[in-house]
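**Q** To start, I am sharing the structure in question, which I have written as structure tokens.
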Amino acid sequence: MSELRVWVDQDLCTGDGLCVQYAPEVFEFDVDGLAYVKNDSGELQLDPGVRVGVPDHLRLDVIDAAKECPGDCIYVHRLDDDVVVAGPGALD
């Protein structure tokens, strides 16, 4: 099973919050009302395009968050070949 990485495009984020509901260990809102990813230490990653690893036990939650996101702003990639497995451009 390939490791997954995830990131949020804040330019597309609607601030709806589904991602935070699906996987609060991975997603969090900042003061700007937009969702960001957190690293494995729980620190919010504010730099644009920063990808963080998806813990194995949260894979389905993160993929569901990407699929259900109304802003289509969550990208889940396989680490080994960089293929988008969920979010915009994913091969469904």
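Ligands are numbered from 1 in the order shown, chains are lettered A, B, ... in the order of the structure tokens, and residues start at 1 in each chain.
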Residues near Leu18 of chain A, anyone? I mean within 12 Å using only C-alpha atoms, not counting same-chain ones fewer than 4 positions away, as a short mmCIF file (atom, residue, chain, number, x, y, z; two decimals) with N, CA, C and O atoms, in the first residue's frame.

**A**
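Saved result, part.cif, follows:
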```cif
data_model
loop_
_atom_site.label_atom_id
_atom_site.label_comp_id
_atom_site.auth_asym_id
_atom_site.auth_seq_id
_atom_site.Cartn_x
_atom_site.Cartn_y
_atom_site.Cartn_z
N CYS A 13 -10.69 26.95 -1.35
CA CYS A 13 -11.39 26.55 -0.12
C CYS A 13 -12.59 27.45 0.14
O CYS A 13 -12.48 28.68 0.09
N THR A 14 -13.73 26.82 0.43
CA THR A 14 -14.96 27.57 0.73
C THR A 14 -15.17 27.73 2.23
O THR A 14 -16.12 28.38 2.65
N TYR A 22 -14.39 15.27 8.88
CA TYR A 22 -13.94 13.94 8.48
C TYR A 22 -12.63 13.54 9.17
O TYR A 22 -12.49 12.41 9.61
N ALA A 23 -11.67 14.45 9.21
CA ALA A 23 -10.34 14.11 9.73
C ALA A 23 -9.72 15.29 10.48
O ALA A 23 -8.81 15.95 9.97
N PRO A 24 -10.20 15.56 11.69
CA PRO A 24 -9.65 16.69 12.44
C PRO A 24 -8.18 16.53 12.81
O PRO A 24 -7.51 17.52 13.13
N PHE A 27 -6.83 18.00 9.18
CA PHE A 27 -7.30 19.31 8.70
C PHE A 27 -7.70 20.19 9.87
O PHE A 27 -8.25 19.71 10.86
N GLU A 28 -7.47 21.50 9.70
CA GLU A 28 -7.88 22.47 10.72
C GLU A 28 -8.07 23.83 10.07
O GLU A 28 -7.40 24.14 9.09
N PHE A 29 -8.97 24.62 10.63
CA PHE A 29 -9.15 25.99 10.17
C PHE A 29 -8.11 26.90 10.80
O PHE A 29 -7.74 26.72 11.95
N LEU A 34 -10.12 29.41 6.54
CA LEU A 34 -9.83 28.42 5.51
C LEU A 34 -9.16 27.19 6.14
O LEU A 34 -8.54 27.28 7.20
N ALA A 35 -9.31 26.06 5.47
CA ALA A 35 -8.73 24.82 5.96
C ALA A 35 -7.28 24.67 5.52
O ALA A 35 -6.91 25.08 4.42
N ASP A 61 -10.82 8.40 5.64
CA ASP A 61 -11.41 9.68 6.05
C ASP A 61 -10.89 10.84 5.20
O ASP A 61 -11.65 11.72 4.79
N VAL A 62 -9.60 10.84 4.92
CA VAL A 62 -9.00 11.91 4.12
C VAL A 62 -9.48 11.82 2.67
O VAL A 62 -9.81 12.84 2.05
N ILE A 63 -9.57 10.61 2.13
CA ILE A 63 -10.07 10.44 0.77
C ILE A 63 -11.53 10.88 0.69
O ILE A 63 -11.93 11.58 -0.25
N ASP A 64 -12.35 10.50 1.67
CA ASP A 64 -13.74 10.94 1.70
C ASP A 64 -13.85 12.46 1.80
O ASP A 64 -14.68 13.08 1.15
N ALA A 65 -12.98 13.07 2.60
CA ALA A 65 -12.99 14.53 2.73
C ALA A 65 -12.71 15.18 1.37
O ALA A 65 -13.37 16.16 1.00
N ALA A 66 -11.75 14.64 0.63
CA ALA A 66 -11.42 15.18 -0.69
C ALA A 66 -12.58 15.01 -1.65
O ALA A 66 -12.90 15.92 -2.43
N LYS A 67 -13.22 13.85 -1.61
CA LYS A 67 -14.33 13.58 -2.53
C LYS A 67 -15.56 14.44 -2.22
O LYS A 67 -16.29 14.82 -3.13
N GLU A 68 -15.79 14.72 -0.96
CA GLU A 68 -16.99 15.46 -0.54
C GLU A 68 -16.79 16.97 -0.46
O GLU A 68 -17.75 17.72 -0.30
N CYS A 69 -15.57 17.43 -0.59
CA CYS A 69 -15.26 18.85 -0.44
C CYS A 69 -16.02 19.69 -1.48
O CYS A 69 -15.85 19.50 -2.69
N PRO A 70 -16.88 20.64 -1.02
CA PRO A 70 -17.63 21.47 -1.97
C PRO A 70 -16.74 22.42 -2.77
O PRO A 70 -17.11 22.84 -3.87
N GLY A 71 -15.56 22.75 -2.25
CA GLY A 71 -14.65 23.64 -2.96
C GLY A 71 -13.71 22.92 -3.91
O GLY A 71 -12.96 23.57 -4.63
N ASP A 72 -13.75 21.59 -3.90
CA ASP A 72 -12.81 20.80 -4.72
C ASP A 72 -11.38 21.30 -4.54
O ASP A 72 -10.67 21.55 -5.52
N CYS A 73 -10.97 21.42 -3.28
CA CYS A 73 -9.65 22.01 -3.02
C CYS A 73 -8.68 21.09 -2.30
O CYS A 73 -7.58 21.49 -1.98
N ILE A 74 -9.09 19.84 -2.06
CA ILE A 74 -8.23 18.89 -1.35
C ILE A 74 -7.67 17.89 -2.35
O ILE A 74 -8.40 17.27 -3.10
#
```

**Q** Separation of atom CA of Lys38 of chain A and atom CA of Arg51 of chain A, in Å?

**A**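 Calculated distance between atom CA of Lys38 of chain A and atom CA of Arg51 of chain A is 9.1 Å.
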
**Q** Hey, can you check how far atom CA of Asp82 of chain A sits from atom CA of Asp32 of chain A?

**A**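 Atom CA of Asp32 of chain A lies at a distance of 29.0 Å from atom CA of Asp82 of chain A.
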
**Q** Could you give me the residues within chain A that DSSP places in strand (DSSP E or B), as an NGL selection string?

**A** :A and (4-8 or 27-29 or 35-38 or 44-45 or 52-53 or 74-78 or 84-86)
